[in-house]
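Visitor: Got a structure for you, questions after.
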Amino acid sequence: MFAKRFRGVSVGPDMLLGIILQGLNAVTAFTLMLVLARTLPKEEFGLYSLALAPLVIAAGIADFGLVATLMPRMAIARDTPNPAFRTGLLLRGLLIVVAWVGMNLYLLPVAETRFLLLVNLGYLAILFSSKLTGLRQMFEVIWRLKGRGYMVSLFALADGVLILTGVLLIRWNGTLTPERVMLCTAIAGIPGFLAMMLPVVIRLWRRGLWVKAPKRYFTGVLRAASPIALFAAVAQMQGQIETLVVSQFGNLQQVAAISVPIRVLQGTLFMATIASFTLSPVIAQLHKRRRTDLAMDQIASVAVRLIGSVGLAIAVFCVLFAPQLMMIFGDEYATDTELLRLYSIANALTFLVITLDQMLMAIGYRTRVLYGVLIGLAISVVLEVVAVLVVGSLESLIVAKICSIAILVTMQTFFLPGSARGAAQRGLLRVGAVMSALVASAWLVPGHLVWVRAGFIILAVAVAAIGGRLMTLSDLKLLRAVRAT
């Protein structure tokens, strides 16, 4: 009944419901990171953060785009015998092993024994947890196709609560170490994994839907998933560039310093993802001219400005309250406030990257999305390495990140078809005007004039947003009225 009640809602409410559900998960993850940062010494937290980088990249390889490739086949088959689920599960298990072997072959010659142990303990979470891509996501597909996607979010929230509880118990009864945190993360995912897996397996087995597939089916799935796999692996690598560059040219304390603002703000990206996913069906229908209730330029412009506005709002909050936010993590991070301010601008631009990526994929331009990710990765690596070698500060690294993302956003708009390109570019100009007002006002007024600076920034951003018509009442009414079909 709960699932039926929320079926068929319009785009705006659907977007809001998804953000609320994922927001609870984000709050749990933020609380966990806060506990770790305040409990672990800065160097130990840096070691833990660095260990996550190869784990995330390996999880991206193990993902291989299987869910995106097989979900349509499972959706079409419904309750009829179909080899898609079994094929996906077997391939996912094989790829998890392949990614684990590859990760260890890479790390063995260069990593210390403790780091290698830490990474391998963390890799256990890939098998069971909702936090890293693993076996669990294949079972989640069945739940989503049955209209119970909200259960996936609830189980993920239960995972987060169990991990946080375990970490707090370890902290209370003994010494908290990165190794114990990794092991706790792996164990905490087992109850949720069993709760999602057992009903699916029992149902498939009883109804005779657990069917074998010929070898050509396996090869066909791998071939179809390859472009998505490459895109996912490169995207995961791009998200870890800062950590890897700092670890190569700096120390673990610097890794910790840059990891806190990155992980705080990356926890907000689900807003852009959910909003973009919600608007994707509308964009796909407009591109194929399957609906006439609105135009492509309308929705392209509103999408860019709406999601850009959310990113900007987060950036304004971080610019104003960076000292207070960083003090939450302890005195060791009090001097890293500028890192949070700068990365909030990079985060706002990342909101736009996600929006434009989803537009391109909804239209069917997957190859162009892949080109953008590859070029963006190359630009990020070059600019960030140069920044570290020439300037040598963490702030310069994030400025290089901002420049690389801005280049990628500009390039993405040229990939769009003519019906959406101009609208998206005009929307970006409005977002860019407000972002420029934020950066300029924050730079002009000295930091020690706290209240004067805050008032000046808020006034400048408000004038730019209202004068540039960043979002209007008609835009919000449009989102409230438009349905996904």
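Letters A, B, ... go to the chains of the structure tokens in the order shown; residues in each chain start at 1; ligands are counted from 1 in the same order.
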Using only C-alpha atoms, tabulate the residues of region 345-364 of chain A lying at most 7 Å from any atom of region 399-410 of chain A, each with its closest atom pair and that distance in Å to one decimal, by chain and increasing residue number, as CSV.

Guide:
residue,atom,partner,partner_atom,distance
A:Ala346,CA,A:Ile402,CA,4.9
A:Leu349,CA,A:Ile405,CA,6.5
A:Thr350,CA,A:Ile405,CA,6.9
A:Leu352,CA,A:Val409,CA,6.9
A:Val353,CA,A:Val409,CA,5.8

Visitor: Need to verify the contact set: Lys42 (chain A), 8 Å, only C-alpha atoms, exclusion of same-chain residues closer than 2 positions in sequence. Can you return it as a ChimeraX atom specification?

Guide: /A:37,40,44-46,252-253,256,332

Visitor: Write out as a list in words which residues come within 10 Å of region 422-426 of chain A when counting only C-alpha atoms, dropping same-chain ones fewer than 5 positions away.

Guide: Met296, Asp297, Gln298, Ile299, Ala300, Ser301, Val302, Ala303, Val304, Arg305, Leu356, Val409, Thr410, Gln412, Thr413, Phe414, Leu416, Pro417, Val431 and Gly432 of chain A

Visitor: Write the residues you've just listed into a file as a compact mmCIF listing (two decimals), in the first residue's frame, and include N, CA and C atoms for each of them.

Guide:
# COMPACT_ATOMS: atom_id res chain seq x y z
N MET A 296 11.58 20.92 -25.15
CA MET A 296 12.88 20.48 -24.66
C MET A 296 13.66 21.63 -24.04
N ASP A 297 13.60 22.82 -24.66
CA ASP A 297 14.37 23.95 -24.13
C ASP A 297 13.87 24.36 -22.74
N GLN A 298 12.56 24.20 -22.49
CA GLN A 298 12.01 24.51 -21.16
C GLN A 298 12.64 23.63 -20.09
N ILE A 299 12.54 22.33 -20.31
CA ILE A 299 12.98 21.40 -19.27
C ILE A 299 14.50 21.41 -19.12
N ALA A 300 15.24 21.63 -20.23
CA ALA A 300 16.71 21.69 -20.16
C ALA A 300 17.15 22.88 -19.33
N SER A 301 16.52 24.01 -19.55
CA SER A 301 16.88 25.22 -18.82
C SER A 301 16.52 25.10 -17.34
N VAL A 302 15.31 24.60 -17.07
CA VAL A 302 14.87 24.47 -15.67
C VAL A 302 15.74 23.46 -14.92
N ALA A 303 16.09 22.36 -15.58
CA ALA A 303 16.91 21.33 -14.93
C ALA A 303 18.25 21.89 -14.51
N VAL A 304 18.92 22.60 -15.42
CA VAL A 304 20.24 23.17 -15.12
C VAL A 304 20.14 24.19 -13.99
N ARG A 305 19.14 25.06 -14.07
CA ARG A 305 19.03 26.13 -13.07
C ARG A 305 18.59 25.60 -11.70
N LEU A 356 24.01 17.35 -16.61
CA LEU A 356 24.26 17.26 -18.05
C LEU A 356 24.55 15.83 -18.49
N VAL A 409 32.06 21.00 -17.88
CA VAL A 409 30.68 21.48 -17.99
C VAL A 409 30.49 22.21 -19.32
N THR A 410 31.43 23.06 -19.67
CA THR A 410 31.34 23.78 -20.94
C THR A 410 31.32 22.82 -22.12
N GLN A 412 30.35 19.66 -22.11
CA GLN A 412 29.13 18.86 -22.12
C GLN A 412 27.99 19.57 -22.83
N THR A 413 27.90 20.88 -22.68
CA THR A 413 26.79 21.60 -23.32
C THR A 413 26.89 21.52 -24.84
N PHE A 414 28.10 21.46 -25.38
CA PHE A 414 28.26 21.36 -26.83
C PHE A 414 27.90 19.96 -27.34
N LEU A 416 25.18 18.43 -26.36
CA LEU A 416 23.72 18.37 -26.41
C LEU A 416 23.21 18.68 -27.81
N PRO A 417 22.03 18.15 -28.18
CA PRO A 417 21.43 18.51 -29.47
C PRO A 417 20.96 19.96 -29.47
N VAL A 431 23.40 30.52 -13.72
CA VAL A 431 24.05 29.89 -12.56
C VAL A 431 25.45 30.47 -12.38
N GLY A 432 26.17 30.64 -13.48
CA GLY A 432 27.53 31.18 -13.41
C GLY A 432 27.58 32.59 -12.88

Visitor: Could you name the residues that touch Gly192 (chain A) at 8 Å or less, counting only C-alpha atoms, but leaving out those on the same chain fewer than 2 positions away, as a ChimeraX atom specification?

Guide: /A:128-129,155-156,158-159,189-190,194-196

Visitor: Nearest to Tyr106 (chain A) among A:Leu459, A:Gly88, A:Pro54, A:Leu132, with distances taken over only C-alpha atoms: which residue is it?

Guide: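 Of A:Leu459, A:Gly88, A:Pro54, A:Leu132, the one nearest Tyr106 (chain A), counting only C-alpha atoms, is A:Pro54.
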
Visitor: May I ask for the distance between CA of Leu50 (chain A) and CA of Phe351 (chain A), given in Å to one decimal place?

Guide: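 Between CA of Leu50 (chain A) and CA of Phe351 (chain A) the gap works out to 24.1 Å.
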
Visitor: For region 227-238 of chain A, list every protein, DNA or RNA residue within 7 Å, evaluated using only C-alpha atoms, and leave out those in the same chain fewer than 5 positions away; present the list as JSON, numbers by chain.

Guide: {"A": [56, 57, 60, 61, 64, 65, 370, 373, 374, 377]}

Visitor: Can you list, as a VMD selection string, every residue of region 218-343 of chain A that DSSP puts in alpha helix (DSSP H)?

Guide: chain A and resid 218 to 239 241 to 249 252 to 266 269 to 287 296 to 327 337 to 343

Visitor: Need the shell around Ile187 (chain A): protein/DNA/RNA residues with any atom at most 12 Å away, counting only C-alpha atoms. Skip same-chain ones fewer than 5 positions apart. Format as a list in words?

Guide: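 Within the cut-off, the hits are Leu121, Gly122, Tyr123, Leu124, Ala125, Ile126, Leu127, Phe128, Ser129, Ser130, Asp159, Gly160, Leu162, Ile163, Leu164, Thr165, Gly166, Val167, Arg180, Val181, Met182, Gly192, Phe193 and Leu194 of chain A.
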
Visitor: Next, write the just-selected residues to a file, as a short mmCIF file (atom, residue, chain, number, x, y, z; two decimals), in the first residue's frame, keeping C-alpha atoms as the atom set.

Guide:
data_model
loop_
_atom_site.label_atom_id
_atom_site.label_comp_id
_atom_site.auth_asym_id
_atom_site.auth_seq_id
_atom_site.Cartn_x
_atom_site.Cartn_y
_atom_site.Cartn_z
CA LEU A 121 39.52 -5.92 5.14
CA GLY A 122 37.52 -3.16 3.48
CA TYR A 123 37.05 -5.28 0.38
CA LEU A 124 34.98 -7.76 2.41
CA ALA A 125 32.26 -5.09 2.49
CA ILE A 126 31.88 -5.39 -1.29
CA LEU A 127 30.33 -8.81 -0.82
CA PHE A 128 27.50 -7.76 1.48
CA SER A 129 27.21 -4.01 2.03
CA SER A 130 25.05 -1.45 0.27
CA ASP A 159 23.40 -0.81 7.24
CA GLY A 160 24.54 2.69 8.13
CA LEU A 162 24.59 -0.82 12.32
CA ILE A 163 28.01 0.42 11.20
CA LEU A 164 27.69 3.55 13.33
CA THR A 165 26.52 1.51 16.32
CA GLY A 166 29.40 -0.91 15.95
CA VAL A 167 31.96 1.88 15.71
CA ARG A 180 38.40 -2.36 13.15
CA VAL A 181 36.28 0.18 11.28
CA MET A 182 36.73 -1.69 7.99
CA GLY A 192 20.66 -6.51 5.37
CA PHE A 193 22.19 -8.70 2.67
CA LEU A 194 20.43 -11.81 4.01
#

Visitor: Counting only C-alpha atoms, which of A:Gly23, A:Gly418, A:Pro178, A:Pro261 gets nearest to Arg341 (chain A)?

Guide: A:Pro261

Visitor: I'd like a table as a Markdown table: residues in region 381-444 of chain A with an atom no more than 12 Å from region 468-473 of chain A, each row giving the shortest atom pair and its distance in Å to one decimal, only C-alpha atoms counted, sorted by chain and rising residue number.

Guide:
| residue | atom | partner | partner_atom | distance |
| --- | --- | --- | --- | --- |
| A:Arg426 | CA | A:Leu470 | CA | 10.5 |
| A:Gly427 | CA | A:Leu470 | CA | 7.9 |
| A:Leu428 | CA | A:Leu470 | CA | 9.6 |
| A:Leu429 | CA | A:Gly468 | CA | 9.1 |
| A:Arg430 | CA | A:Leu470 | CA | 5.8 |
| A:Val431 | CA | A:Leu470 | CA | 6.6 |
| A:Gly432 | CA | A:Leu470 | CA | 9.9 |
| A:Ala433 | CA | A:Gly468 | CA | 7.5 |
| A:Val434 | CA | A:Gly468 | CA | 7.9 |
| A:Met435 | CA | A:Leu470 | CA | 11.0 |
| A:Ala437 | CA | A:Gly468 | CA | 11.2 |

Visitor: Rank A:Ala257, A:Ala348, A:Gly311, A:Leu294 by their smallest atom-to-atom distance to Thr335 (chain A), using only C-alpha atoms, and report the top residue only.

Guide: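 Using only C-alpha atoms, the shortest distance to Thr335 (chain A) belongs to A:Ala257.
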
Visitor: Would you kindly return, as a PyMOL selection string, each protein, DNA or RNA residue with an atom no farther than 12 Å from any atom of Cys318 (chain A), considering only C-alpha atoms and excluding same-chain residues fewer than 5 positions away?

Guide: chain A and resi 261+264-265+311-313+323-326+337-348+438+442+454+457

Visitor: Mind writing the picked residues with C-alpha atoms as an mmCIF file, in the first residue's frame?

Guide:
data_model
loop_
_atom_site.group_PDB
_atom_site.id
_atom_site.type_symbol
_atom_site.label_atom_id
_atom_site.label_comp_id
_atom_site.auth_asym_id
_atom_site.auth_seq_id
_atom_site.Cartn_x
_atom_site.Cartn_y
_atom_site.Cartn_z
ATOM 1 C CA PRO A 261 35.648 18.575 3.003
ATOM 2 C CA VAL A 264 31.268 16.078 3.588
ATOM 3 C CA LEU A 265 30.266 17.552 0.241
ATOM 4 C CA GLY A 311 24.585 23.253 -5.455
ATOM 5 C CA LEU A 312 24.934 27.011 -5.054
ATOM 6 C CA ALA A 313 22.880 27.013 -1.836
ATOM 7 C CA PRO A 323 35.031 27.592 10.404
ATOM 8 C CA GLN A 324 32.114 26.272 12.441
ATOM 9 C CA LEU A 325 31.705 23.214 10.199
ATOM 10 C CA MET A 326 35.366 22.269 10.344
ATOM 11 C CA THR A 337 38.398 25.988 6.417
ATOM 12 C CA GLU A 338 39.554 27.355 3.047
ATOM 13 C CA LEU A 339 39.623 23.826 1.685
ATOM 14 C CA LEU A 340 35.924 23.453 2.503
ATOM 15 C CA ARG A 341 35.057 26.836 0.957
ATOM 16 C CA LEU A 342 36.922 26.077 -2.259
ATOM 17 C CA TYR A 343 35.637 22.542 -2.576
ATOM 18 C CA SER A 344 32.052 23.761 -2.145
ATOM 19 C CA ILE A 345 32.477 25.599 -5.478
ATOM 20 C CA ALA A 346 33.813 22.407 -7.088
ATOM 21 C CA ASN A 347 30.854 20.537 -5.589
ATOM 22 C CA ALA A 348 28.350 23.020 -7.072
ATOM 23 C CA LEU A 438 29.502 34.434 -4.471
ATOM 24 C CA ALA A 442 33.754 36.233 -0.489
ATOM 25 C CA ALA A 454 28.242 37.365 5.753
ATOM 26 C CA ILE A 457 27.861 37.742 0.559
#
